[in-house]
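Scroll down for the structure; my scribbles are underneath it.
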Amino acid sequence: MFAEERADEVLAELNPEQRDAATHDGERLLVLAGAGTGKTTTLCARVAWLLAQGVRAERILLLTFTRRAAREMVARARVLAQRAAPDAGPVLGGTFHSIAHLVVRLHASSLGLPPGFGVLDAGDAADLLDLVREEQGQAARTRRFPRAATMLDIYSRTVNAQQPLDAVLERAFPWCSEHRDALGDAFRVYCARKRALHLLDLDDLLLHWRALAADEHIGAGIAGAFDHVLVDEYQDVNTIQVDIVRSLADRARVTAVGDDFQAIYSFRAASARHILEFPVRFSGAHTIKLERNYRSSAPILDVANAVSAQDRDGYQKVLWTEREGGRAPELCFPCDDGEQARAVCERVLSAREEGMELRAQAVLFRTGHDSDVLELELRRRSIPFVKYGGLRFLDAAHVKDFVALLRLLDNPADEVSWFRLLQLLDGVGPARARRALDALRTGDASAPALERWEHAAAHVPEGARELAGALMRELAGAACAGAPAGTVVERLCAAIAPLIRLRYEDGEVRVSDLEALAIAAREADSVRHFVSELVLDPPSSSAGLAGPPHLDEDYLVLSTVHSAKGLEWDAVHLISAYDGNFPSDMATRDDDGIAEERRLFYVALTRARRRLHVYVPARYYHRPSARDDAHGYGQASRFLSEAVQRLFEHTRPDDATAPLLGRGAPPAGHRVEVSVEHLFA
DNA sequence: CTATTAGATGTTTTT
DNA sequence: CATCTAATAG
C-alpha cells in the first residue's frame with residue numbers, strides 16, 4: 001500500500017522513456033542510457049516499482065562494476081526498500097567482485113577452501129608473482145623481462161578474456177612475446193601456489209562464482225535466490241561476468257543498463273560487444289533508449305554529440321536537453337604544462353569567487369601523472385584538493401606490512417605475508433627471508449603462526465629474533481582471544497609499531513596511519529572480513545582514512561577519466577588533451593583502441609554540467625622531474641576535429657607578465673638611470 | 001648477506 | 001616520482 005504510493009511518487013518524476021524502463025514487465029530489459037540521462041534515478045525507480053509489485057527486497061540483486069556506482073545505487077535502493085517495506089530484508093547489491101566474495105565465502109567448502117582463505121589485491125598478487133619469478137631463476141632475469149605488475153596485467157587479461165596466452169601477448173603486449181614460455185611457466189606456478197596457500201586473487205573471485213553457478217548441485221540454488229537481477233554499467237562486463245548473469249537469468253528476470261558509448265574497460269577484457277549483443281543473447285529482450293540529458297548545458301552536449309558522431313558503430317544516440325543558454329566551452333592553448341597549471345588555477349579560483357565551490361569543480365586527465373605539475377601549483381597556492389586514482393592507501397609499504405600480519409591470523413599458510421613480514425626485521429633481506437620460508441615449508445602449513453615461526457627463527461639474525469618473537473606471541477594471543485576485531489587489530493598495531501618505527505624514517509606518521517586503520521576495524525565483525533573488505537573496497541584516497549583535507553572541507557577534485565565515470569561537476573577542466581597522450585600512443589595501434597580512447601574522451605566531456613574547459617599545451621616534457629628538458633610539440637587531440645573545435649571558444653592564457661608593463665608607453669627617449677658608484681666615493 | 005647510495009628508467013586506465 | 005639496478009661499505 002505504502003509501497004505503491006511511494007512508487008507512484010517516484011514514477012511521477014520520470015519522463016516517459018524512463019517510466020517505461022522503470023515499469024517494464026517482461027523477462028529481459030535493456031536500457032541504453034546516455035550520459036546524464038538519469039540512469040541511476042531510473043534504476044532506483046525500477047526497484048521502487050518492483051517493490052510496489054510485491055517483489056521482496058531480498059529477492060532483488062543489484063550488480064555494478066565500479067565500487068562508486070555500487071555504493072550510490074545500493075544506498076538509494078535500500079532507502080527505497082526500507083520505506084516500502086520496513087520489515088523486509090535489505091536489497092542485496094554491490095560490485096561483481098564483492099558479491100562474488102560473498103558467494104564464494106558461503107560455498108568455500110565446496111570449492112576446497114578453508115574458511116580463512118585470503119583475498120589478494122593487485123599489489124599482493126604482484127608480490128606473489130615476483131616471488132615465483134625469482135624462483136624460476138635466471139631464465140626470467142634476462143633483459144627487459146616484464147615487471148611483476150605487468151606480469152599481473154598479462155595474467156589478468158588472459159584470464160578475463162579466457163583466451164590463450166599467445167593471443168593476448170600478440171594483441172595487447174607484443175613487446176613481451178619473446179618471454180612467452182617463461183611467462184606461461186610463471187603463471188602455472190602462480191596458480192598452483194595460490195591454491196596451496198589458500199589465496200584468491202580478484203579474478204579468482206569471479207571465476208569461482210562462475211564455476212559455482214555452473215555446478216549442477218549448487219548453481220540452481222544460487223540462481224533461485226533472486227527474482228530480479230539488475231546490472232548497471234553493462235558496457236563494462238567481460239565474458240565471465242556475462243556467464244554469471246546468464247546463469248542467474250535461468251530463474252531471474254534481468255535488467256541491463258548501460259551505454260555502449262561509455263565502454264572504457266577493454267584492458268580488463270570488457271567489451272561493448274556484450275551490450276550490443278544483449279538482445280540476441282537474451283532473446284525477447286525489450287530495448288529502451290534514454291537520450292534526454294538532465295546534466296549538461298546545450299553547448300556542452302553539442303561538443304559531446306559531435307565527438308560521439310565520429311564513431312558510426314554501436315547504438316546511435318543524440319543527447320538533447322530542454323535547458324536553454326549556457327556558456328560556450330573553452331579550448332585553451334597554454335604554451336606548456338606550467339602555464340596549463342596556472343591557467344587551471346586561475347579559472348578554478350575565479351569560478352570560486354563567483355560562488356562555485358571547489359568541490360563542484362574537477363580536473364580530469366588521461367593518466368595519473370598528467371596532474372603532477374598541477375599538483376605542485378595547487379600546493380604552492382594552498383588550494384586544497386583530493387586526487388582519485390592516484391596512490392592508494394593500501395599501496396603504502398607500511399600498510400601492506402600491517403595487513404600481512406593481519407592475514408597470518410586467519411591464514412598462517414600465507415607465504416606472501418610471511419615473506420613481507422620477515423623482511424621487516426632488521427638484518428633480513430630477500431635471501432634470508434627466502435631461506436626462512438623454505439624452513440617454514442617443512443612444517444605443517446596450517447599450524448598456528450607462532451608454531452610456524454619456530455621453524456623460521458633460526459634464519460633470522462639474533463638481534464631481531466626477540467622483537468619478532470614478541471610479535472608472534474601477540475599474534476598467537478590475538479588468534480585465540482575471540483575478542484572483537486577492533487581490539488585485536490589495535491593490539492597487533494601496538495605489536496608491530498616498534499618494527500615500523502625502526503624500519504621507516506617517518507615511522508611515527510606511519511604508525512598513526514595504522515592506528516587509523518585499527519579504528520576503522522571496530523566496525524568490522526571479524527578481522528578476516530575487515531581485511532577482505534579492505535581489499536575489495538579500499539579507501540579511494542589516503543584522505544579516506546587519514547590526513548587532510550577532511551570531507552566537510554572544500555576541495556578541488558582531481559581524477560583520471562576512468563575514475564570519473566558516473567560522476568558530474570559544475571565545471572570540468574580536461575587537461576593535457578594533446579595527441580599521443582589523449583588518445584594515448586599506446587592505444588593508437590588499431591581502430592578499436594582509438595575508438596575506446598574516443599569513448600573515454602566522451603566520458604570526460606559529459607561530466608560537465610555548466611562549464612567545460614579543454615587544455616592543449618603546445619609543449620610537453622617527457623620527464624617532468626628530470627633535469628634535462630627533453631620535450632615535444634603536441635598537436636591537439638585528434639578527437640578535437642575541426643568540426644568539434646568550431647564549437648569551442650579558443651583562448652590563450654593571459655600573458656602573466658602583461659600587467660607589469662603598466663598602462664601606456666613612456667615618452668620617447670625616456671631613460672631610467674641606475675648607479676651604485678656613489679657608495680664607493 | 002644486508003644496508004646504503006647513486007644513477008638510470010619508465011608504455012594507462014580498475015576490481 | 002617511485003622503483004629498480006649496480007656498486008660499495010659494513
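Each chain of the C-alpha cells is named A, B, ... in the order shown, its residues numbered from 1; ligands are numbered from 1 in display order.
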
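Counting only C-alpha atoms (C1' of nucleotides), every residue of chain B that comes within 10 Å of chain A is listed here: DC1, DT2, DA3, DG10, DT11, DT12, DT13, DT14 and DT15 of chain B.
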
Self-check item: chain C contacts to chain A at 12 Å (only C-alpha atoms (C1' of nucleotides)) as a list in words
Solution: DC1, DA2, DT3, DC4 and DG10 of chain C

Expected file: the selected residues, C-alpha atoms (C1' of nucleotides), as a PDB file, in the first residue's frame:
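Done, and the output landed in part.pdb:
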```
ATOM      1  C1'  DC C   1      58.260  10.356  -8.561  1.00  0.00           C
ATOM      2  C1'  DA C   2      58.888   5.712  -7.478  1.00  0.00           C
ATOM      3  C1'  DT C   3      61.164   1.706  -8.301  1.00  0.00           C
ATOM      4  C1'  DC C   4      64.776  -0.967  -9.947  1.00  0.00           C
ATOM      5  C1'  DG C  10      79.691  -2.851   6.768  1.00  0.00           C
TER       6       DG C  10
END
```

Exercise. Fewer than 2 positions away in the same chain doesn't count, so skip those; otherwise give me all residues within 9 Å of segment 402-407 of chain A, counting only C-alpha atoms (C1' of nucleotides), as a PyMOL selection string.
Key: chain A and resi 116+118+394+397-400+409-412+414+416-418+420-421+475+489+492-493+496+514+527-528+531

Practice problem: Excluding Gln162 of chain A and any residue of its chain fewer than 4 positions from it, enumerate the residues within 9 Å of it, using only C-alpha atoms (C1' of nucleotides), and give them as number ranges by chain. | Solution: A: 157-158, 239-240, 269

Practice problem: Tell me which protein, DNA and RNA residues are within 12 Å of DA6 of chain C, counting only C-alpha atoms (C1' of nucleotides), leaving out same-chain ones fewer than 4 positions away, and put them as a ChimeraX atom specification. | Solution: /B:5-8

Quiz item: When you draw a straight line from atom CA of Leu207 of chain A to atom CA of Leu152 of chain A, how long is it in Å?
Solution: 16.1 Å

Quiz item: Between atom CA of Leu440 of chain A and atom CA of Val511 of chain A, what is the distance, to one decimal in Å?
Solution: 28.4 Å

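The two atoms in question, atom CA of Glu5 of chain A and atom CA of Glu27 of chain A, are spaced 24.6 Å apart.
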
Quiz item: Could you write out, as a ChimeraX atom specification, all the residues of segment 159-286 of chain A that DSSP marks as strand (DSSP E)?
Solution: /A:199-201,228-231,253-258,286

Could you give me, as a PDB file with C-alpha atoms, in the first residue's frame, each residue of segment 147-370 of chain A that DSSP assigns to alpha helix (DSSP H) when run on this structure's backbone?
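The new file part-v1.pdb reads:
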```
ATOM      1  CA  ALA A 148      55.637  -8.028 -11.597  1.00  0.00           C
ATOM      2  CA  ALA A 149      52.829  -5.528 -12.094  1.00  0.00           C
ATOM      3  CA  THR A 150      52.965  -6.021 -15.850  1.00  0.00           C
ATOM      4  CA  MET A 151      53.009  -9.781 -15.410  1.00  0.00           C
ATOM      5  CA  LEU A 152      49.830  -9.460 -13.421  1.00  0.00           C
ATOM      6  CA  ASP A 153      48.265  -7.337 -16.158  1.00  0.00           C
ATOM      7  CA  ILE A 154      49.068 -10.004 -18.699  1.00  0.00           C
ATOM      8  CA  TYR A 155      47.830 -12.799 -16.473  1.00  0.00           C
ATOM      9  CA  SER A 156      44.650 -10.975 -15.618  1.00  0.00           C
ATOM     10  CA  ARG A 157      43.854 -10.058 -19.173  1.00  0.00           C
ATOM     11  CA  THR A 158      44.398 -13.633 -20.283  1.00  0.00           C
ATOM     12  CA  VAL A 159      42.119 -14.998 -17.598  1.00  0.00           C
ATOM     13  CA  ASN A 160      39.405 -12.414 -18.088  1.00  0.00           C
ATOM     14  CA  ALA A 161      39.418 -12.770 -21.839  1.00  0.00           C
ATOM     15  CA  LEU A 165      48.338 -16.512 -23.593  1.00  0.00           C
ATOM     16  CA  ASP A 166      49.761 -16.310 -27.121  1.00  0.00           C
ATOM     17  CA  ALA A 167      46.771 -14.442 -28.437  1.00  0.00           C
ATOM     18  CA  VAL A 168      46.777 -11.977 -25.564  1.00  0.00           C
ATOM     19  CA  LEU A 169      50.503 -11.323 -25.857  1.00  0.00           C
ATOM     20  CA  GLU A 170      50.256 -10.741 -29.540  1.00  0.00           C
ATOM     21  CA  ARG A 171      47.308  -8.419 -29.326  1.00  0.00           C
ATOM     22  CA  ALA A 172      47.979  -6.438 -26.199  1.00  0.00           C
ATOM     23  CA  ARG A 180      56.072 -16.339 -23.681  1.00  0.00           C
ATOM     24  CA  ASP A 181      57.433 -19.567 -22.212  1.00  0.00           C
ATOM     25  CA  ALA A 182      58.797 -18.071 -19.034  1.00  0.00           C
ATOM     26  CA  LEU A 183      55.529 -16.243 -18.509  1.00  0.00           C
ATOM     27  CA  GLY A 184      53.487 -19.363 -19.084  1.00  0.00           C
ATOM     28  CA  ASP A 185      55.602 -21.255 -16.539  1.00  0.00           C
ATOM     29  CA  ALA A 186      55.339 -18.468 -14.017  1.00  0.00           C
ATOM     30  CA  PHE A 187      51.566 -18.296 -14.390  1.00  0.00           C
ATOM     31  CA  ARG A 188      51.152 -22.020 -13.896  1.00  0.00           C
ATOM     32  CA  VAL A 189      53.234 -21.921 -10.731  1.00  0.00           C
ATOM     33  CA  TYR A 190      51.337 -18.848  -9.599  1.00  0.00           C
ATOM     34  CA  CYS A 191      48.030 -20.701  -9.895  1.00  0.00           C
ATOM     35  CA  ALA A 192      49.343 -23.727  -8.053  1.00  0.00           C
ATOM     36  CA  ARG A 193      50.801 -21.568  -5.315  1.00  0.00           C
ATOM     37  CA  LYS A 194      47.583 -19.657  -4.786  1.00  0.00           C
ATOM     38  CA  ARG A 195      45.730 -22.914  -4.371  1.00  0.00           C
ATOM     39  CA  ALA A 196      48.282 -24.299  -1.938  1.00  0.00           C
ATOM     40  CA  LEU A 202      40.394 -10.693  -7.660  1.00  0.00           C
ATOM     41  CA  ASP A 203      39.966 -12.616 -10.892  1.00  0.00           C
ATOM     42  CA  ASP A 204      39.586 -15.851  -8.941  1.00  0.00           C
ATOM     43  CA  LEU A 205      36.558 -14.432  -7.180  1.00  0.00           C
ATOM     44  CA  LEU A 206      34.710 -14.101 -10.475  1.00  0.00           C
ATOM     45  CA  LEU A 207      35.986 -17.424 -11.779  1.00  0.00           C
ATOM     46  CA  HIS A 208      34.840 -19.223  -8.651  1.00  0.00           C
ATOM     47  CA  TRP A 209      31.445 -17.602  -8.725  1.00  0.00           C
ATOM     48  CA  ARG A 210      31.027 -18.643 -12.313  1.00  0.00           C
ATOM     49  CA  ALA A 211      32.132 -22.186 -11.514  1.00  0.00           C
ATOM     50  CA  LEU A 212      29.648 -22.405  -8.652  1.00  0.00           C
ATOM     51  CA  ALA A 213      26.894 -21.021 -10.859  1.00  0.00           C
ATOM     52  CA  ALA A 214      27.622 -23.656 -13.483  1.00  0.00           C
ATOM     53  CA  GLY A 219      24.126 -23.406  -9.384  1.00  0.00           C
ATOM     54  CA  ALA A 220      20.367 -23.722  -9.170  1.00  0.00           C
ATOM     55  CA  GLY A 221      20.427 -22.733  -5.532  1.00  0.00           C
ATOM     56  CA  ILE A 222      22.282 -19.523  -6.211  1.00  0.00           C
ATOM     57  CA  ALA A 223      20.121 -18.640  -9.188  1.00  0.00           C
ATOM     58  CA  THR A 239      32.766 -12.797 -20.754  1.00  0.00           C
ATOM     59  CA  ILE A 240      32.992 -14.168 -17.249  1.00  0.00           C
ATOM     60  CA  GLN A 241      30.537 -11.664 -15.912  1.00  0.00           C
ATOM     61  CA  VAL A 242      28.161 -12.314 -18.781  1.00  0.00           C
ATOM     62  CA  ASP A 243      28.297 -16.027 -17.961  1.00  0.00           C
ATOM     63  CA  ILE A 244      27.397 -15.212 -14.381  1.00  0.00           C
ATOM     64  CA  VAL A 245      24.469 -13.040 -15.431  1.00  0.00           C
ATOM     65  CA  ARG A 246      23.269 -15.729 -17.812  1.00  0.00           C
ATOM     66  CA  SER A 247      23.303 -18.325 -15.078  1.00  0.00           C
ATOM     67  CA  LEU A 248      21.238 -16.059 -12.847  1.00  0.00           C
ATOM     68  CA  ARG A 273      30.038  -6.301 -27.728  1.00  0.00           C
ATOM     69  CA  HIS A 274      28.124  -7.704 -24.771  1.00  0.00           C
ATOM     70  CA  ILE A 275      25.722  -4.810 -24.525  1.00  0.00           C
ATOM     71  CA  LEU A 276      25.379  -4.696 -28.307  1.00  0.00           C
ATOM     72  CA  PHE A 278      22.287  -8.356 -25.390  1.00  0.00           C
ATOM     73  CA  PRO A 279      19.105  -8.501 -27.487  1.00  0.00           C
ATOM     74  CA  VAL A 280      20.495 -11.573 -29.249  1.00  0.00           C
ATOM     75  CA  ARG A 281      21.920 -13.460 -26.288  1.00  0.00           C
ATOM     76  CA  ALA A 298      23.334  22.603 -24.683  1.00  0.00           C
ATOM     77  CA  PRO A 299      26.754  23.878 -25.841  1.00  0.00           C
ATOM     78  CA  ILE A 300      28.447  21.102 -23.884  1.00  0.00           C
ATOM     79  CA  LEU A 301      26.104  18.488 -25.336  1.00  0.00           C
ATOM     80  CA  ASP A 302      26.859  19.788 -28.813  1.00  0.00           C
ATOM     81  CA  VAL A 303      30.516  19.028 -28.268  1.00  0.00           C
ATOM     82  CA  ALA A 304      29.766  15.603 -26.826  1.00  0.00           C
ATOM     83  CA  ASN A 305      27.438  14.703 -29.693  1.00  0.00           C
ATOM     84  CA  ALA A 306      29.970  15.869 -32.253  1.00  0.00           C
ATOM     85  CA  VAL A 307      32.607  13.597 -30.702  1.00  0.00           C
ATOM     86  CA  SER A 308      30.315  10.579 -30.483  1.00  0.00           C
ATOM     87  CA  ASP A 337      52.454  22.221 -18.517  1.00  0.00           C
ATOM     88  CA  GLY A 338      53.295  25.038 -16.180  1.00  0.00           C
ATOM     89  CA  GLU A 339      51.139  27.564 -17.955  1.00  0.00           C
ATOM     90  CA  GLN A 340      48.401  24.979 -18.171  1.00  0.00           C
ATOM     91  CA  ALA A 341      48.562  24.536 -14.400  1.00  0.00           C
ATOM     92  CA  ARG A 342      48.389  28.287 -13.824  1.00  0.00           C
ATOM     93  CA  ALA A 343      45.515  28.651 -16.261  1.00  0.00           C
ATOM     94  CA  VAL A 344      43.543  25.940 -14.476  1.00  0.00           C
ATOM     95  CA  CYS A 345      44.183  27.515 -11.080  1.00  0.00           C
ATOM     96  CA  GLU A 346      43.067  30.923 -12.277  1.00  0.00           C
ATOM     97  CA  ARG A 347      39.847  29.607 -13.749  1.00  0.00           C
ATOM     98  CA  VAL A 348      39.115  27.486 -10.725  1.00  0.00           C
ATOM     99  CA  LEU A 349      39.670  30.395  -8.362  1.00  0.00           C
ATOM    100  CA  SER A 350      37.639  32.850 -10.385  1.00  0.00           C
ATOM    101  CA  ALA A 351      34.734  30.402 -10.547  1.00  0.00           C
ATOM    102  CA  ARG A 352      35.155  30.024  -6.793  1.00  0.00           C
ATOM    103  CA  GLU A 353      34.872  33.816  -6.458  1.00  0.00           C
TER     104      GLU A 353
END
```

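Contact shell of Asp236 of chain A at 6 Å (only C-alpha atoms (C1' of nucleotides); same-chain neighbours under 3 positions omitted): Glu233, Ala263, Tyr265 and Ala270 of chain A.
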